[in-house]
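Reproduced below: work-v4.tsv, with TSV, C-alpha atoms.
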chain	number	residue	atom	x	y	z
Z	1	MET	CA	-5.95	-12.64	7.08
Z	2	ASN	CA	-8.43	-10.93	9.37
Z	3	LEU	CA	-8.89	-7.29	8.35
Z	4	GLY	CA	-8.14	-6.20	11.90
Z	5	GLU	CA	-4.88	-8.11	12.10
Z	6	ASN	CA	-1.66	-7.63	10.21
Z	7	PRO	CA	0.85	-10.45	10.76
Z	8	THR	CA	3.70	-8.18	9.64
Z	9	LEU	CA	3.34	-6.20	12.87
Z	10	THR	CA	4.62	-9.10	14.97
Z	11	GLU	CA	7.60	-9.85	12.73
Z	12	GLU	CA	11.03	-9.20	14.15
Z	13	VAL	CA	12.93	-6.47	12.33
Z	14	LYS	CA	16.17	-7.82	10.89
Z	15	SER	CA	19.26	-5.67	11.04
Z	16	ASP	CA	20.40	-5.79	7.41
Z	17	ASN	CA	21.44	-2.19	6.83
Z	18	GLU	CA	22.81	0.76	8.78
Z	19	LEU	CA	19.48	2.54	9.22
Z	20	LYS	CA	17.70	-0.58	10.47
Z	21	THR	CA	20.56	-1.31	12.88
Z	22	TRP	CA	20.29	2.19	14.31
Z	23	LEU	CA	16.48	2.04	14.48
Z	24	ILE	CA	16.44	-1.41	16.10
Z	25	ASN	CA	18.89	-0.22	18.73
Z	26	TYR	CA	16.91	2.97	19.35
Z	27	VAL	CA	13.57	1.15	19.64
Z	28	GLY	CA	15.13	-1.65	21.70
Z	29	GLU	CA	16.53	0.84	24.23
Z	30	LYS	CA	13.23	2.70	24.41
Z	31	LYS	CA	10.89	-0.33	24.60
Z	32	ASN	CA	13.26	-2.71	26.39
Z	33	PRO	CA	11.52	-5.92	25.22
Z	34	GLN	CA	11.99	-8.92	27.56
Z	35	ASP	CA	12.91	-11.24	24.68
Z	36	ASP	CA	15.22	-8.64	23.03
Z	37	ARG	CA	13.10	-8.84	19.84
Z	38	VAL	CA	12.16	-5.56	18.18
Z	39	THR	CA	9.03	-5.97	16.08
Z	40	VAL	CA	7.58	-3.85	13.29
Z	41	GLU	CA	4.78	-2.83	15.65
Z	42	MET	CA	7.32	-1.52	18.19
Z	43	VAL	CA	8.99	0.55	15.49
Z	44	ILE	CA	5.64	2.03	14.44
Z	45	GLU	CA	4.72	2.80	18.05
Z	46	THR	CA	8.07	4.50	18.59
Z	47	LEU	CA	7.77	6.53	15.39
Z	48	SER	CA	4.26	7.61	16.40
Z	49	GLU	CA	5.63	8.83	19.73
Z	50	ASP	CA	8.93	10.38	18.58
Z	51	PHE	CA	8.34	11.34	14.94
Z	52	PRO	CA	4.56	11.61	14.43
Z	53	GLU	CA	4.81	14.03	11.49
Z	54	PHE	CA	6.71	11.41	9.47
Z	55	LEU	CA	4.24	8.66	10.28
Z	56	MET	CA	1.23	10.91	9.55
Z	57	ALA	CA	2.63	12.03	6.19
Z	58	PHE	CA	3.31	8.41	5.25
Z	59	ALA	CA	-0.15	7.25	6.35
Z	60	GLU	CA	-1.91	10.15	4.63
Z	61	GLU	CA	-0.09	9.51	1.35
Z	62	ASN	CA	-0.98	5.83	1.52
Z	63	TRP	CA	-4.63	6.66	2.25
Z	64	VAL	CA	-4.88	9.21	-0.57
Z	65	ARG	CA	-3.35	6.80	-3.10
Z	66	GLY	CA	-5.68	4.02	-1.99
Z	67	TYR	CA	-8.72	6.29	-2.13
Z	68	HIS	CA	-7.73	7.55	-5.58
Z	69	GLN	CA	-7.29	3.99	-6.84
Z	70	ALA	CA	-10.72	3.05	-5.46
Z	71	LEU	CA	-12.30	5.94	-7.37
Z	72	VAL	CA	-10.51	4.90	-10.57
Z	73	ASP	CA	-11.70	1.31	-10.04
Z	74	ILE	CA	-15.30	2.48	-9.53
Z	75	ASP	CA	-15.25	4.67	-12.66
Z	76	GLU	CA	-13.80	1.86	-14.76
Z	77	GLY	CA	-16.26	-0.67	-13.36
Z	78	GLU	CA	-19.22	1.62	-14.02
Z	79	LYS	CA	-18.01	2.24	-17.58
Z	80	LEU	CA	-17.69	-1.47	-18.28
Z	81	LEU	CA	-21.06	-2.24	-16.67
Z	82	LYS	CA	-22.77	0.45	-18.75
Z	83	GLU	CA	-21.18	-0.87	-21.96
Z	84	SER	CA	-22.25	-4.39	-21.06
Z	85	GLU	CA	-25.84	-3.35	-20.30
Z	86	GLU	CA	-26.08	-1.32	-23.53
Z	87	GLY	CA	-24.92	-4.29	-25.53
Z	88	SER	CA	-22.01	-2.32	-26.96
Z	89	ILE	CA	-19.66	-4.87	-25.46
Z	90	THR	CA	-20.10	-8.63	-25.15
Z	91	ASP	CA	-19.48	-10.53	-21.95
Z	92	GLN	CA	-16.29	-11.97	-23.44
Z	93	GLU	CA	-15.06	-8.52	-24.50
Z	94	TRP	CA	-15.90	-7.23	-21.02
Z	95	VAL	CA	-13.82	-9.99	-19.42
Z	96	GLU	CA	-10.92	-9.35	-21.80
Z	97	GLU	CA	-11.04	-5.59	-21.25
Z	98	HIS	CA	-11.36	-6.06	-17.50
Z	99	ASN	CA	-8.28	-8.29	-17.43
Z	100	VAL	CA	-6.30	-5.79	-19.52
Z	101	TRP	CA	-7.49	-2.98	-17.27
Z	102	LYS	CA	-6.33	-4.86	-14.15
Z	103	GLU	CA	-2.86	-5.21	-15.66
Z	104	LYS	CA	-2.69	-1.48	-16.44
Z	105	LYS	CA	-3.13	-0.33	-12.85
Z	106	CYS	CA	-0.25	1.93	-11.91
Z	107	LYS	CA	2.67	0.24	-10.29
Z	108	LYS	CA	5.40	2.60	-9.16
Z	109	GLU	CA	8.20	0.51	-10.68
Z	110	ASP	CA	6.46	0.68	-14.08
Z	111	CYS	CA	5.57	4.35	-13.82
Z	112	GLU	CA	7.76	5.45	-16.74
Z	113	GLU	CA	5.66	3.30	-19.10
Z	114	CYS	CA	2.19	3.74	-17.61
Z	115	GLU	CA	-0.55	5.99	-18.92
Z	116	CYS	CA	-2.15	6.99	-15.62
Z	117	GLU	CA	-2.62	10.48	-14.21
Z	118	GLU	CA	0.12	9.80	-11.63
Z	119	LYS	CA	2.85	9.36	-14.26
Z	120	ASN	CA	6.32	9.83	-12.77
Z	121	GLY	CA	5.16	9.93	-9.25

Rewrite the structure of this file - the entire thing - as structure tokens.
Amino acid sequence: MNLGENPTLTEEVKSDNELKTWLINYVGEKKNPQDDRVTVEMVIETLSEDFPEFLMAFAEENWVRGYHQALVDIDEGEKLLKESEEGSITDQEWVEEHNVWKEKKCKKEDCEECECEEKNG
């Protein structure tokens, strides 16, 4: 995938619940697509026009979480690199710890059991 392109944007939104049905109808009436297909991109455009505070809050939260995770990744990487350079950890131990660390990254569905600073949220 090209970093500038997101294939999800061109996907047609399927009407599989009440909210999506309402939103598809709303966006369809507003955008009036020639092929009667409402895409994810059309929904985002409509939300940015009609409900920008929702879209901004969602985008900001996503950005903050991503930025926080990047900082955690950098700190962990620097710690492991320092240990490796000092000889206090072997290459094999580094690989094993790195793999364990990757598995411990916070995933919202596992939040009750995780040990991160974002526990329960």

Which value, in Å to one decimal, gives the distance between atom CA of Z:Leu47 and atom CA of Z:Gly28?
12.7 Å

Atom-to-atom span, atom CA of Z:Leu9 and atom CA of Z:Val64, Å:
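We find that atom CA of Z:Leu9 and atom CA of Z:Val64 lie 22.0 Å from each other.
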
Can you pull out the residues contacting Z:Val13? Cut-off 12 Å, using only C-alpha atoms, and skip same-chain residues under 2 positions away; I want them as a PDB file with C-alpha atoms, in the frame of the given file.
ATOM      1  CA  THR Z   8       3.700  -8.180   9.640  1.00  0.00           C
ATOM      2  CA  LEU Z   9       3.340  -6.200  12.870  1.00  0.00           C
ATOM      3  CA  THR Z  10       4.620  -9.100  14.970  1.00  0.00           C
ATOM      4  CA  GLU Z  11       7.600  -9.850  12.730  1.00  0.00           C
ATOM      5  CA  SER Z  15      19.260  -5.670  11.040  1.00  0.00           C
ATOM      6  CA  ASP Z  16      20.400  -5.790   7.410  1.00  0.00           C
ATOM      7  CA  ASN Z  17      21.440  -2.190   6.830  1.00  0.00           C
ATOM      8  CA  LEU Z  19      19.480   2.540   9.220  1.00  0.00           C
ATOM      9  CA  LYS Z  20      17.700  -0.580  10.470  1.00  0.00           C
ATOM     10  CA  THR Z  21      20.560  -1.310  12.880  1.00  0.00           C
ATOM     11  CA  TRP Z  22      20.290   2.190  14.310  1.00  0.00           C
ATOM     12  CA  LEU Z  23      16.480   2.040  14.480  1.00  0.00           C
ATOM     13  CA  ILE Z  24      16.440  -1.410  16.100  1.00  0.00           C
ATOM     14  CA  ASN Z  25      18.890  -0.220  18.730  1.00  0.00           C
ATOM     15  CA  VAL Z  27      13.570   1.150  19.640  1.00  0.00           C
ATOM     16  CA  GLY Z  28      15.130  -1.650  21.700  1.00  0.00           C
ATOM     17  CA  ASP Z  36      15.220  -8.640  23.030  1.00  0.00           C
ATOM     18  CA  ARG Z  37      13.100  -8.840  19.840  1.00  0.00           C
ATOM     19  CA  VAL Z  38      12.160  -5.560  18.180  1.00  0.00           C
ATOM     20  CA  THR Z  39       9.030  -5.970  16.080  1.00  0.00           C
ATOM     21  CA  VAL Z  40       7.580  -3.850  13.290  1.00  0.00           C
ATOM     22  CA  GLU Z  41       4.780  -2.830  15.650  1.00  0.00           C
ATOM     23  CA  MET Z  42       7.320  -1.520  18.190  1.00  0.00           C
ATOM     24  CA  VAL Z  43       8.990   0.550  15.490  1.00  0.00           C
ATOM     25  CA  ILE Z  44       5.640   2.030  14.440  1.00  0.00           C
TER      26      ILE Z  44
END

State, in Å with one decimal place, the distance from atom CA of Z:Lys31 to atom CA of Z:Glu45.
9.5 Å

Contacts of stretch 34-64 of chain Z with stretch 68-81 of chain Z up to 12 Å, shortest pair per row, only C-alpha atoms, as CSV:
residue,atom,partner,partner_atom,distance
Z:Glu61,CA,Z:His68,CA,10.5
Z:Asn62,CA,Z:His68,CA,9.9
Z:Trp63,CA,Z:His68,CA,8.5
Z:Val64,CA,Z:His68,CA,6.0
